[in-house]
Structure formats: structure tokens, C-alpha cells
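Everything below belongs to my_file_31.cif, which stores mmCIF, C-alpha atoms (C1' of nucleotides).
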data_structure
loop_
_atom_site.label_atom_id
_atom_site.label_comp_id
_atom_site.auth_asym_id
_atom_site.auth_seq_id
_atom_site.Cartn_x
_atom_site.Cartn_y
_atom_site.Cartn_z
CA MET D 1 3.56 -3.49 10.97
CA ARG D 2 3.23 -6.91 12.60
CA ILE D 3 3.06 -9.94 10.29
CA ALA D 4 2.40 -13.44 11.63
CA THR D 5 2.05 -17.01 10.40
CA TRP D 6 0.12 -19.86 11.99
CA ASN D 7 -0.73 -23.38 10.89
CA VAL D 8 -4.09 -23.64 12.68
CA ASN D 9 -4.86 -27.30 11.80
CA SER D 10 -8.50 -26.57 10.84
CA ILE D 11 -9.77 -23.00 10.98
CA ARG D 12 -13.21 -24.11 12.12
CA GLN D 13 -11.80 -26.08 15.07
CA ARG D 14 -9.51 -23.17 16.02
CA MET D 15 -11.83 -20.15 15.95
CA ASP D 16 -11.88 -19.58 19.73
CA GLY D 17 -8.11 -19.74 20.01
CA LEU D 18 -7.57 -17.72 16.84
CA GLN D 19 -9.80 -14.88 18.00
CA ALA D 20 -8.19 -14.85 21.45
CA TRP D 21 -4.72 -14.76 19.92
CA LEU D 22 -5.63 -12.01 17.42
CA GLU D 23 -6.89 -9.81 20.24
CA GLU D 24 -3.76 -10.52 22.29
CA ARG D 25 -1.02 -10.22 19.64
CA LYS D 26 -2.83 -7.75 17.36
CA PRO D 27 -1.10 -8.67 14.09
CA ASP D 28 -1.73 -6.47 11.05
CA ILE D 29 -1.34 -9.38 8.62
CA VAL D 30 -1.75 -13.10 9.32
CA CYS D 31 -0.76 -15.99 7.06
CA LEU D 32 -2.84 -19.07 7.90
CA GLN D 33 -2.21 -22.68 6.82
CA GLU D 34 -4.12 -25.95 7.01
CA ILE D 35 -7.47 -24.23 7.17
CA LYS D 36 -8.97 -27.55 5.96
CA CYS D 37 -12.06 -26.06 4.37
CA THR D 38 -13.36 -24.70 1.08
CA ASP D 39 -13.52 -20.96 0.43
CA ASP D 40 -17.29 -21.04 1.03
CA ALA D 41 -16.89 -22.66 4.45
CA PHE D 42 -14.30 -20.17 5.73
CA PRO D 43 -15.67 -18.38 8.84
CA ARG D 44 -15.32 -14.84 7.52
CA GLU D 45 -17.72 -12.85 9.68
CA PRO D 46 -16.09 -13.11 13.12
CA LEU D 47 -12.71 -12.23 11.60
CA GLU D 48 -14.09 -9.33 9.60
CA ALA D 49 -15.63 -8.11 12.86
CA LEU D 50 -12.09 -7.86 14.24
CA GLY D 51 -11.18 -5.57 11.36
CA TYR D 52 -9.57 -7.96 8.90
CA ASN D 53 -9.86 -8.19 5.15
CA ILE D 54 -9.76 -11.84 4.11
CA ALA D 55 -8.33 -13.79 1.18
CA VAL D 56 -8.82 -17.55 1.03
CA HIS D 57 -7.39 -20.34 -1.12
CA GLY D 58 -9.03 -23.45 0.29
CA GLN D 59 -10.02 -26.96 -0.69
CA LYS D 60 -12.10 -29.73 0.81
CA THR D 61 -10.68 -31.75 3.73
CA PHE D 62 -6.96 -30.96 3.50
CA ASN D 63 -4.44 -28.14 3.09
CA GLY D 64 -5.81 -24.66 2.44
CA VAL D 65 -4.19 -21.27 3.11
CA ALA D 66 -5.55 -17.81 3.85
CA LEU D 67 -4.50 -14.24 4.53
CA LEU D 68 -5.95 -11.76 7.02
CA SER D 69 -5.03 -8.09 6.63
CA LYS D 70 -6.12 -4.91 8.35
CA LEU D 71 -5.11 -3.04 5.19
CA PRO D 72 -6.96 -3.87 1.96
CA PHE D 73 -5.51 -6.19 -0.64
CA ASP D 74 -4.46 -4.61 -3.93
CA GLU D 75 -3.91 -7.99 -5.58
CA VAL D 76 -4.49 -11.60 -4.56
CA ALA D 77 -3.15 -14.62 -6.46
CA PRO D 78 -3.76 -18.25 -5.44
CA GLY D 79 -1.38 -21.05 -6.42
CA LEU D 80 2.38 -21.38 -6.85
CA MET D 81 3.84 -20.89 -10.31
CA GLY D 82 5.41 -23.82 -12.14
CA ASP D 83 2.66 -26.48 -12.27
CA ASP D 84 -0.83 -25.55 -13.43
CA GLY D 85 -1.91 -29.14 -12.77
CA ASP D 86 -1.21 -28.95 -9.04
CA ALA D 87 -4.65 -29.02 -7.37
CA GLN D 88 -3.39 -28.76 -3.77
CA ALA D 89 -4.20 -25.40 -2.12
CA ARG D 90 -0.87 -24.49 -0.57
CA PHE D 91 0.05 -20.98 -1.70
CA LEU D 92 -1.56 -17.55 -1.65
CA GLU D 93 0.21 -14.32 -2.61
CA ALA D 94 -1.02 -10.78 -2.02
CA VAL D 95 0.13 -7.21 -2.57
CA ILE D 96 -0.79 -4.58 0.01
CA SER D 97 -0.19 -0.85 -0.25
CA VAL D 98 1.68 0.64 2.67
CA ARG D 99 2.99 4.11 3.30
CA GLY D 100 5.77 4.74 0.84
CA GLY D 101 5.17 1.72 -1.37
CA VAL D 102 3.94 -1.84 -1.41
CA LEU D 103 4.37 -4.96 0.68
CA ARG D 104 4.20 -8.39 -0.95
CA VAL D 105 3.20 -11.32 1.30
CA ALA D 106 2.72 -15.03 0.65
CA SER D 107 1.14 -17.64 2.91
CA LEU D 108 2.62 -21.03 2.08
CA TYR D 109 2.10 -24.62 3.20
CA LEU D 110 5.02 -26.66 1.92
CA PRO D 111 4.29 -30.38 1.48
CA ASN D 112 5.19 -32.72 4.33
CA GLY D 113 6.85 -35.25 2.01
CA ASN D 114 6.65 -38.37 4.16
CA PRO D 115 7.23 -41.18 3.61
CA ALA D 116 10.61 -40.62 1.98
CA PRO D 117 11.65 -41.75 -0.51
CA GLY D 118 8.48 -41.95 -2.59
CA ASP D 119 5.98 -39.97 -4.61
CA ARG D 120 5.19 -37.64 -1.74
CA TYR D 121 8.83 -36.77 -1.18
CA ALA D 122 9.36 -36.17 -4.90
CA TYR D 123 6.38 -33.80 -4.85
CA LYS D 124 7.87 -31.95 -1.88
CA LEU D 125 11.20 -31.44 -3.65
CA ARG D 126 9.50 -30.32 -6.89
CA TRP D 127 7.37 -27.88 -4.86
CA MET D 128 10.53 -26.48 -3.25
CA ASP D 129 12.06 -25.99 -6.72
CA ARG D 130 8.95 -24.04 -7.72
CA LEU D 131 9.19 -21.94 -4.54
CA ILE D 132 12.84 -21.18 -5.33
CA ALA D 133 11.84 -20.09 -8.85
CA PHE D 134 9.07 -17.91 -7.42
CA ALA D 135 11.40 -16.26 -4.92
CA ARG D 136 14.05 -15.67 -7.59
CA ALA D 137 11.46 -13.95 -9.79
CA ARG D 138 9.99 -11.79 -7.02
CA LEU D 139 13.37 -10.76 -5.62
CA THR D 140 14.11 -8.98 -8.90
CA LEU D 141 11.28 -6.57 -7.98
CA GLU D 142 13.37 -5.32 -5.02
CA GLU D 143 10.25 -4.95 -2.85
CA PRO D 144 9.64 -5.75 0.81
CA LEU D 145 8.62 -9.42 0.48
CA VAL D 146 7.51 -11.73 3.29
CA LEU D 147 7.35 -15.50 2.64
CA ALA D 148 5.65 -16.94 5.71
CA GLY D 149 4.23 -20.32 6.50
CA ASP D 150 4.64 -23.95 7.42
CA TYR D 151 7.75 -24.95 5.46
CA ASN D 152 7.87 -28.49 6.86
CA VAL D 153 11.64 -28.03 7.00
CA ILE D 154 13.87 -28.37 10.07
CA PRO D 155 16.73 -26.18 8.82
CA THR D 156 19.50 -27.32 11.19
CA PRO D 157 20.04 -29.69 14.15
CA ALA D 158 19.61 -26.69 16.46
CA ASP D 159 15.99 -26.52 15.30
CA ALA D 160 14.95 -29.80 16.97
CA LYS D 161 15.04 -31.01 20.56
CA HIS D 162 16.10 -34.46 19.32
CA PRO D 163 17.57 -34.03 15.83
CA GLU D 164 18.72 -37.66 15.76
CA ALA D 165 15.05 -38.74 15.77
CA TRP D 166 14.46 -36.91 12.47
CA ILE D 167 17.39 -38.05 10.32
CA HIS D 168 15.22 -40.29 8.09
CA ASP D 169 12.27 -37.88 8.03
CA ALA D 170 11.27 -35.79 5.01
CA LEU D 171 11.43 -32.66 7.21
CA PHE D 172 15.14 -33.11 7.90
CA LEU D 173 16.64 -35.17 5.06
CA LYS D 174 19.66 -33.61 3.38
CA PRO D 175 17.91 -32.79 0.07
CA THR D 176 15.20 -30.98 2.05
CA ARG D 177 17.69 -28.88 4.00
CA ASP D 178 19.80 -28.27 0.90
CA LYS D 179 16.84 -26.85 -1.01
CA PHE D 180 15.82 -24.69 1.95
CA ARG D 181 19.36 -23.34 2.09
CA THR D 182 19.28 -22.70 -1.66
CA LEU D 183 16.09 -20.71 -1.13
CA VAL D 184 17.54 -18.63 1.72
CA ASN D 185 20.79 -18.12 -0.18
CA LEU D 186 18.93 -16.31 -2.95
CA GLY D 187 19.14 -13.42 -0.51
CA LEU D 188 16.41 -14.04 2.06
CA VAL D 189 16.68 -13.66 5.82
CA ASP D 190 15.25 -16.21 8.28
CA ALA D 191 13.68 -13.60 10.57
CA LEU D 192 13.68 -15.62 13.78
CA ARG D 193 17.34 -16.62 13.37
CA ALA D 194 18.18 -12.98 12.65
CA VAL D 195 17.16 -12.09 16.19
CA SER D 196 18.05 -15.23 18.16
CA ASP D 197 20.33 -18.29 18.12
CA ASP D 198 18.36 -19.89 20.98
CA PRO D 199 18.34 -23.69 20.38
CA GLY D 200 14.92 -24.01 22.01
CA LEU D 201 12.89 -21.97 19.51
CA PHE D 202 10.26 -24.48 18.44
CA THR D 203 7.02 -23.92 16.56
CA TYR D 204 5.57 -27.45 16.49
CA TRP D 205 5.04 -30.17 19.08
CA ASP D 206 3.30 -33.44 18.19
CA TYR D 207 -0.02 -34.17 19.84
CA GLN D 208 1.29 -37.63 20.80
CA GLY D 209 3.40 -38.75 23.70
CA GLY D 210 3.22 -35.56 25.74
CA ALA D 211 5.62 -33.87 23.32
CA PHE D 212 4.82 -30.34 24.49
CA ALA D 213 5.16 -31.24 28.17
CA LYS D 214 8.63 -32.63 27.36
CA ASP D 215 9.34 -29.69 25.05
CA ASP D 216 10.09 -32.24 22.33
CA GLY D 217 9.58 -29.73 19.54
CA ILE D 218 10.87 -28.66 16.15
CA ARG D 219 11.11 -25.34 14.30
CA ILE D 220 9.36 -25.71 10.93
CA ASP D 221 7.26 -22.53 10.63
CA HIS D 222 9.40 -19.78 9.15
CA ILE D 223 9.22 -16.16 8.02
CA LEU D 224 11.69 -15.35 5.24
CA LEU D 225 12.32 -11.71 4.34
CA SER D 226 13.67 -10.04 1.22
CA PRO D 227 16.50 -7.54 1.81
CA GLN D 228 14.00 -4.65 1.61
CA ALA D 229 11.91 -6.27 4.36
CA ALA D 230 14.89 -7.45 6.44
CA ASP D 231 16.23 -3.88 6.54
CA ARG D 232 13.05 -2.97 8.44
CA LEU D 233 13.09 -5.94 10.85
CA ALA D 234 12.60 -4.75 14.42
CA HIS D 235 11.64 -7.94 16.22
CA ALA D 236 10.62 -11.56 15.73
CA GLY D 237 9.05 -14.03 18.14
CA VAL D 238 7.18 -17.27 18.76
CA ASP D 239 3.93 -17.42 20.74
CA ARG D 240 4.66 -20.80 22.29
CA HIS D 241 2.22 -20.27 25.16
CA VAL D 242 -0.65 -20.76 22.68
CA ARG D 243 0.30 -24.47 22.52
CA GLY D 244 -0.91 -24.77 26.13
CA TRP D 245 -4.40 -23.44 25.43
CA ASP D 246 -7.52 -25.60 25.22
CA LYS D 247 -7.92 -27.44 21.90
CA PRO D 248 -4.59 -26.19 20.54
CA SER D 249 -3.17 -26.55 17.07
CA ASP D 250 0.02 -28.62 17.03
CA HIS D 251 1.74 -25.48 15.62
CA VAL D 252 2.05 -22.05 17.28
CA PRO D 253 2.17 -18.55 15.74
CA VAL D 254 5.43 -16.92 14.64
CA TYR D 255 5.54 -13.17 14.01
CA VAL D 256 7.78 -10.31 12.90
CA ASP D 257 7.60 -6.59 13.53
CA LEU D 258 8.70 -4.52 10.56
CA ASP D 259 9.27 -0.77 10.63
CA ILE D 260 6.62 -0.20 8.00
CA ARG D 261 3.58 1.95 8.72
"C1'" DA G 262 -2.12 -53.03 33.92
"C1'" DT G 263 -4.01 -49.56 30.85
"C1'" DG G 264 -3.59 -46.39 27.35
"C1'" DA G 265 -0.75 -43.57 25.26
"C1'" DC G 266 -3.28 -37.93 18.92
"C1'" DA G 267 -6.28 -34.77 15.95
"C1'" DG G 268 -9.27 -33.49 12.01
"C1'" DG G 269 -12.23 -34.54 8.05
"C1'" DA G 270 -15.31 -37.49 5.80
"C1'" DG G 271 -18.93 -39.95 7.05
"C1'" DT G 272 -21.02 -43.33 10.01
"C1'" DA G 273 -16.64 -47.74 10.17
"C1'" DT G 274 -12.82 -46.93 9.77
"C1'" DC G 275 -9.35 -44.76 6.86
"C1'" DC G 276 -6.32 -41.10 5.20
"C1'" DT G 277 -3.31 -37.46 6.34
"C1'" DG G 278 -0.28 -35.06 9.12
"C1'" DA G 279 4.96 -34.40 11.15
#

Would you write out, as C-alpha cells, the structure that this file holds?
Amino acid sequence: MRIATWNVNSIRQRMDGLQAWLEERKPDIVCLQEIKCTDDAFPREPLEALGYNIAVHGQKTFNGVALLSKLPFDEVAPGLMGDDGDAQARFLEAVISVRGGVLRVASLYLPNGNPAPGDRYAYKLRWMDRLIAFARARLTLEEPLVLAGDYNVIPTPADAKHPEAWIHDALFLKPTRDKFRTLVNLGLVDALRAVSDDPGLFTYWDYQGGAFAKDDGIRIDHILLSPQAADRLAHAGVDRHVRGWDKPSDHVPVYVDLDIR
DNA sequence: ATGACAGGAGTATCCTGA
């Protein structure tokens, strides 16, 4: 069972690259972020033709998350618990039956939070508190759980080419990293760091200033696993070559292989 | 010396992103 996450920065602008990558990497489940379209505008047909069931939680212009799955969805739930008034489409949870039980997956797009301090940063920290509450609740189920997406968090200095350039940024400020650590310390495993301590594992390079050519990247797209999922972790990787394709997203896919049929 | 991002909305720029 291969599960991937990718912030595509507009699903409609990324269809060629997305289809090419799906045929190459062959993930069973994909968590997408920043689809930047409403549910009605989501390009379902070409993805269904590749064998995927589709769940979408979109909105006009910004944000938007989706799930692709070769296995059918048993349940789909849009939105993150803790604030019914939050209109931003950043969270989509699904339950999928697998051999011997269920798999619970969420595609999440954590707020950027810049500029900090300010309203946007306060919203980011509140959203992280809600995510922590969600994870705490779901962990009591003792299921294989995969929380995958664009966390907009640089967890440690080893996750940036130039960490000193990010010290005043909402992605790297101490409260941001502290809350991410609180989340992980509930008992989750950062899948990529479970398989590698390579300091060059980046998932995002800015479009500006030739950042990819200089490998001036950061690691902000993460896959966190519950103990029941982490016990089945076989491999994790980053498809950085996708950043070199025509009309790339500024993010690249991250994936895990779990020993689940 | 020049230009040095991308996407959406919408039609000129402005907002957002990280």
C-alpha cells in the first residue's frame, strides 16, 4: 500500500504532471493540497480513468484538499474539528477498508501563518491546536492512521538549506515548531525521518531566485503515522525530480510504503 | 544593464503563497 501527499498548487494547472507522476509512482492513495478549485470544477474524469475514487473538499480561488484512492471510501468527512465557523477548505478525512481492518487517512493543508505575528499567525497556531486535538482523539482508536499534507512547518534546522533565513518566518518560529513537536509527541512517527537523517531531504523550493537550481529548499510536506501504521512502514521517499518537470508545482510528492494489502 | 515567480480573479492590478 503506497500512500502519497502532494501540494499541487492548482489541480487544473497540474493535470499533465499529476497524471505522469501517478503512472510513474503508482500510489494507491494520494492526498492533494492547494487544488484551488471548487468541488464542481475538480477534473474527476481523467483521474477516474486511472482507477481512482475521488473525494474533494474545495473552495473558490484558494486552499482546497482532495483524496484519490484505488480502494473505495467507506467514510469521507471534510473539515477539521474544533471550529465550525472556519470556512477555509484545509482538511479531509477518509476511512478505507483494507485486508484485516481499516485505514484512516487525512489530507491536510496547514495555514502558512505569515506575516508573524498577526492574525494569520494566530490562526495557524489555533489550527495546530485543533489538529493536535484531532490526533489525540483518533489515536485512541488504535487504528493505522496517516496524517499527510503540507504542514507549513520546518521541523528542525536540518530541514532547510539555509535555516538562518527562516528564523522570523511563520514556518520556523519556535511556537510553530513547538506545536509540531507536541503533535508528534502524542505518539506519531515522521515517516521520512524514520528512514533517513539526510539533511538534504526537501519538499519545497520557491519559484523565485533559481531556488531549485541552488537546491535552496525546505522540508514542509510531512507524513505522520500512528503506531499501528508505523509498525507497517517499509519505505518512505521524496520525488524531487518532479520539481524539474515543465510547469512544476513548487512542492514535490512525498510517499510511504506500508505493509498493508 | 536588465530582469530576476505562479495562480486565480478578472481584465488592472491585487491577493496569496512560503

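Atom to atom, CA of Asp259 in chain D and CA of Asp28 in chain D stand 12.4 Å apart.
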
>> Show me, as a ChimeraX atom specification, every residue of chain D with an atom at most 12 Å from chain G, counting only C-alpha atoms (C1' of nucleotides).
In response: /D:7-14,34-37,59-63,111-115,120,150-154,165-166,169-172,203-211,217-220,247-251

>> Would you compute the distance between CA of Phe202 in chain D and CA of Ala158 in chain D? Give it in Å to one decimal.
In response: 9.8 Å

>> One number please: CA of Ala55 in chain D to CA of Glu142 in chain D, in Å, one decimal.
In response: 24.1 Å

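Between Pro43 in chain D and the residues D:Cys31, D:Met81, D:Ala106, D:Leu68, the shortest atom-to-atom distance, using all atoms listed in the file, involves D:Leu68.
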
All heavy atoms for range 34-45 of chain D, written as a PDB file, in the frame of the given file, could you do that?
ATOM      1  N   GLU D  34      -3.280 -24.800   6.625  1.00  0.00           N
ATOM      2  CA  GLU D  34      -4.120 -25.950   7.010  1.00  0.00           C
ATOM      3  C   GLU D  34      -5.478 -25.492   7.538  1.00  0.00           C
ATOM      4  O   GLU D  34      -5.922 -25.913   8.604  1.00  0.00           O
ATOM      5  CB  GLU D  34      -3.411 -26.861   8.029  1.00  0.00           C
ATOM      6  CG  GLU D  34      -2.463 -27.849   7.373  1.00  0.00           C
ATOM      7  CD  GLU D  34      -2.269 -29.130   8.187  1.00  0.00           C
ATOM      8  OE1 GLU D  34      -1.396 -29.162   9.067  1.00  0.00           O
ATOM      9  OE2 GLU D  34      -2.997 -30.090   7.924  1.00  0.00           O
ATOM     10  N   ILE D  35      -6.125 -24.645   6.766  1.00  0.00           N
ATOM     11  CA  ILE D  35      -7.470 -24.230   7.170  1.00  0.00           C
ATOM     12  C   ILE D  35      -8.472 -25.372   6.972  1.00  0.00           C
ATOM     13  O   ILE D  35      -9.520 -25.396   7.614  1.00  0.00           O
ATOM     14  CB  ILE D  35      -7.928 -22.975   6.406  1.00  0.00           C
ATOM     15  CG1 ILE D  35      -7.981 -23.223   4.902  1.00  0.00           C
ATOM     16  CG2 ILE D  35      -7.025 -21.788   6.740  1.00  0.00           C
ATOM     17  CD1 ILE D  35      -8.626 -22.082   4.114  1.00  0.00           C
ATOM     18  N   LYS D  36      -8.163 -26.323   6.128  1.00  0.00           N
ATOM     19  CA  LYS D  36      -8.970 -27.550   5.960  1.00  0.00           C
ATOM     20  C   LYS D  36     -10.435 -27.280   5.651  1.00  0.00           C
ATOM     21  O   LYS D  36     -11.323 -27.954   6.211  1.00  0.00           O
ATOM     22  CB  LYS D  36      -8.850 -28.447   7.202  1.00  0.00           C
ATOM     23  CG  LYS D  36      -7.477 -29.062   7.399  1.00  0.00           C
ATOM     24  CD  LYS D  36      -7.476 -30.067   8.539  1.00  0.00           C
ATOM     25  CE  LYS D  36      -6.163 -30.836   8.626  1.00  0.00           C
ATOM     26  NZ  LYS D  36      -6.138 -31.775   9.746  1.00  0.00           N
ATOM     27  N   CYS D  37     -10.686 -26.283   4.795  1.00  0.00           N
ATOM     28  CA  CYS D  37     -12.060 -26.060   4.370  1.00  0.00           C
ATOM     29  C   CYS D  37     -12.052 -25.362   3.002  1.00  0.00           C
ATOM     30  O   CYS D  37     -11.039 -24.824   2.574  1.00  0.00           O
ATOM     31  CB  CYS D  37     -12.835 -25.212   5.390  1.00  0.00           C
ATOM     32  SG  CYS D  37     -12.281 -23.499   5.527  1.00  0.00           S
ATOM     33  N   THR D  38     -13.198 -25.403   2.347  1.00  0.00           N
ATOM     34  CA  THR D  38     -13.360 -24.700   1.080  1.00  0.00           C
ATOM     35  C   THR D  38     -13.506 -23.200   1.344  1.00  0.00           C
ATOM     36  O   THR D  38     -13.752 -22.766   2.482  1.00  0.00           O
ATOM     37  CB  THR D  38     -14.601 -25.208   0.354  1.00  0.00           C
ATOM     38  OG1 THR D  38     -15.732 -24.998   1.196  1.00  0.00           O
ATOM     39  CG2 THR D  38     -14.482 -26.697   0.021  1.00  0.00           C
ATOM     40  N   ASP D  39     -13.376 -22.414   0.287  1.00  0.00           N
ATOM     41  CA  ASP D  39     -13.520 -20.960   0.430  1.00  0.00           C
ATOM     42  C   ASP D  39     -14.890 -20.614   1.017  1.00  0.00           C
ATOM     43  O   ASP D  39     -15.007 -19.725   1.872  1.00  0.00           O
ATOM     44  CB  ASP D  39     -13.377 -20.278  -0.936  1.00  0.00           C
ATOM     45  CG  ASP D  39     -11.978 -20.443  -1.531  1.00  0.00           C
ATOM     46  OD1 ASP D  39     -11.192 -21.273  -1.017  1.00  0.00           O
ATOM     47  OD2 ASP D  39     -11.670 -19.752  -2.506  1.00  0.00           O
ATOM     48  N   ASP D  40     -15.922 -21.321   0.568  1.00  0.00           N
ATOM     49  CA  ASP D  40     -17.290 -21.040   1.030  1.00  0.00           C
ATOM     50  C   ASP D  40     -17.450 -21.286   2.523  1.00  0.00           C
ATOM     51  O   ASP D  40     -18.266 -20.634   3.178  1.00  0.00           O
ATOM     52  CB  ASP D  40     -18.310 -21.924   0.278  1.00  0.00           C
ATOM     53  CG  ASP D  40     -18.501 -21.463  -1.157  1.00  0.00           C
ATOM     54  OD1 ASP D  40     -18.036 -20.360  -1.485  1.00  0.00           O
ATOM     55  OD2 ASP D  40     -19.116 -22.211  -1.935  1.00  0.00           O
ATOM     56  N   ALA D  41     -16.710 -22.267   3.052  1.00  0.00           N
ATOM     57  CA  ALA D  41     -16.890 -22.660   4.450  1.00  0.00           C
ATOM     58  C   ALA D  41     -16.013 -21.840   5.399  1.00  0.00           C
ATOM     59  O   ALA D  41     -16.091 -22.026   6.616  1.00  0.00           O
ATOM     60  CB  ALA D  41     -16.572 -24.154   4.614  1.00  0.00           C
ATOM     61  N   PHE D  42     -15.190 -20.946   4.865  1.00  0.00           N
ATOM     62  CA  PHE D  42     -14.300 -20.170   5.730  1.00  0.00           C
ATOM     63  C   PHE D  42     -15.119 -19.211   6.609  1.00  0.00           C
ATOM     64  O   PHE D  42     -15.976 -18.480   6.108  1.00  0.00           O
ATOM     65  CB  PHE D  42     -13.309 -19.368   4.881  1.00  0.00           C
ATOM     66  CG  PHE D  42     -12.181 -18.756   5.664  1.00  0.00           C
ATOM     67  CD1 PHE D  42     -10.995 -19.449   5.854  1.00  0.00           C
ATOM     68  CD2 PHE D  42     -12.313 -17.491   6.231  1.00  0.00           C
ATOM     69  CE1 PHE D  42      -9.946 -18.873   6.570  1.00  0.00           C
ATOM     70  CE2 PHE D  42     -11.275 -16.918   6.959  1.00  0.00           C
ATOM     71  CZ  PHE D  42     -10.087 -17.613   7.127  1.00  0.00           C
ATOM     72  N   PRO D  43     -14.881 -19.213   7.909  1.00  0.00           N
ATOM     73  CA  PRO D  43     -15.670 -18.380   8.840  1.00  0.00           C
ATOM     74  C   PRO D  43     -15.256 -16.912   8.782  1.00  0.00           C
ATOM     75  O   PRO D  43     -14.532 -16.416   9.640  1.00  0.00           O
ATOM     76  CB  PRO D  43     -15.379 -19.009  10.211  1.00  0.00           C
ATOM     77  CG  PRO D  43     -14.016 -19.613  10.054  1.00  0.00           C
ATOM     78  CD  PRO D  43     -13.923 -20.079   8.631  1.00  0.00           C
ATOM     79  N   ARG D  44     -15.757 -16.204   7.783  1.00  0.00           N
ATOM     80  CA  ARG D  44     -15.320 -14.840   7.520  1.00  0.00           C
ATOM     81  C   ARG D  44     -15.818 -13.832   8.554  1.00  0.00           C
ATOM     82  O   ARG D  44     -15.064 -12.938   8.991  1.00  0.00           O
ATOM     83  CB  ARG D  44     -15.816 -14.388   6.131  1.00  0.00           C
ATOM     84  CG  ARG D  44     -15.399 -15.295   4.990  1.00  0.00           C
ATOM     85  CD  ARG D  44     -15.908 -14.751   3.649  1.00  0.00           C
ATOM     86  NE  ARG D  44     -15.131 -13.617   3.206  1.00  0.00           N
ATOM     87  CZ  ARG D  44     -14.119 -13.679   2.346  1.00  0.00           C
ATOM     88  NH1 ARG D  44     -13.781 -14.831   1.817  1.00  0.00           N
ATOM     89  NH2 ARG D  44     -13.453 -12.604   2.010  1.00  0.00           N
ATOM     90  N   GLU D  45     -17.080 -13.946   8.928  1.00  0.00           N
ATOM     91  CA  GLU D  45     -17.720 -12.850   9.680  1.00  0.00           C
ATOM     92  C   GLU D  45     -17.012 -12.507  10.989  1.00  0.00           C
ATOM     93  O   GLU D  45     -16.745 -11.318  11.237  1.00  0.00           O
ATOM     94  CB  GLU D  45     -19.193 -13.164   9.918  1.00  0.00           C
ATOM     95  CG  GLU D  45     -20.062 -13.064   8.684  1.00  0.00           C
ATOM     96  CD  GLU D  45     -19.931 -14.271   7.756  1.00  0.00           C
ATOM     97  OE1 GLU D  45     -19.279 -15.262   8.158  1.00  0.00           O
ATOM     98  OE2 GLU D  45     -20.467 -14.221   6.645  1.00  0.00           O
TER      99      GLU D  45
END
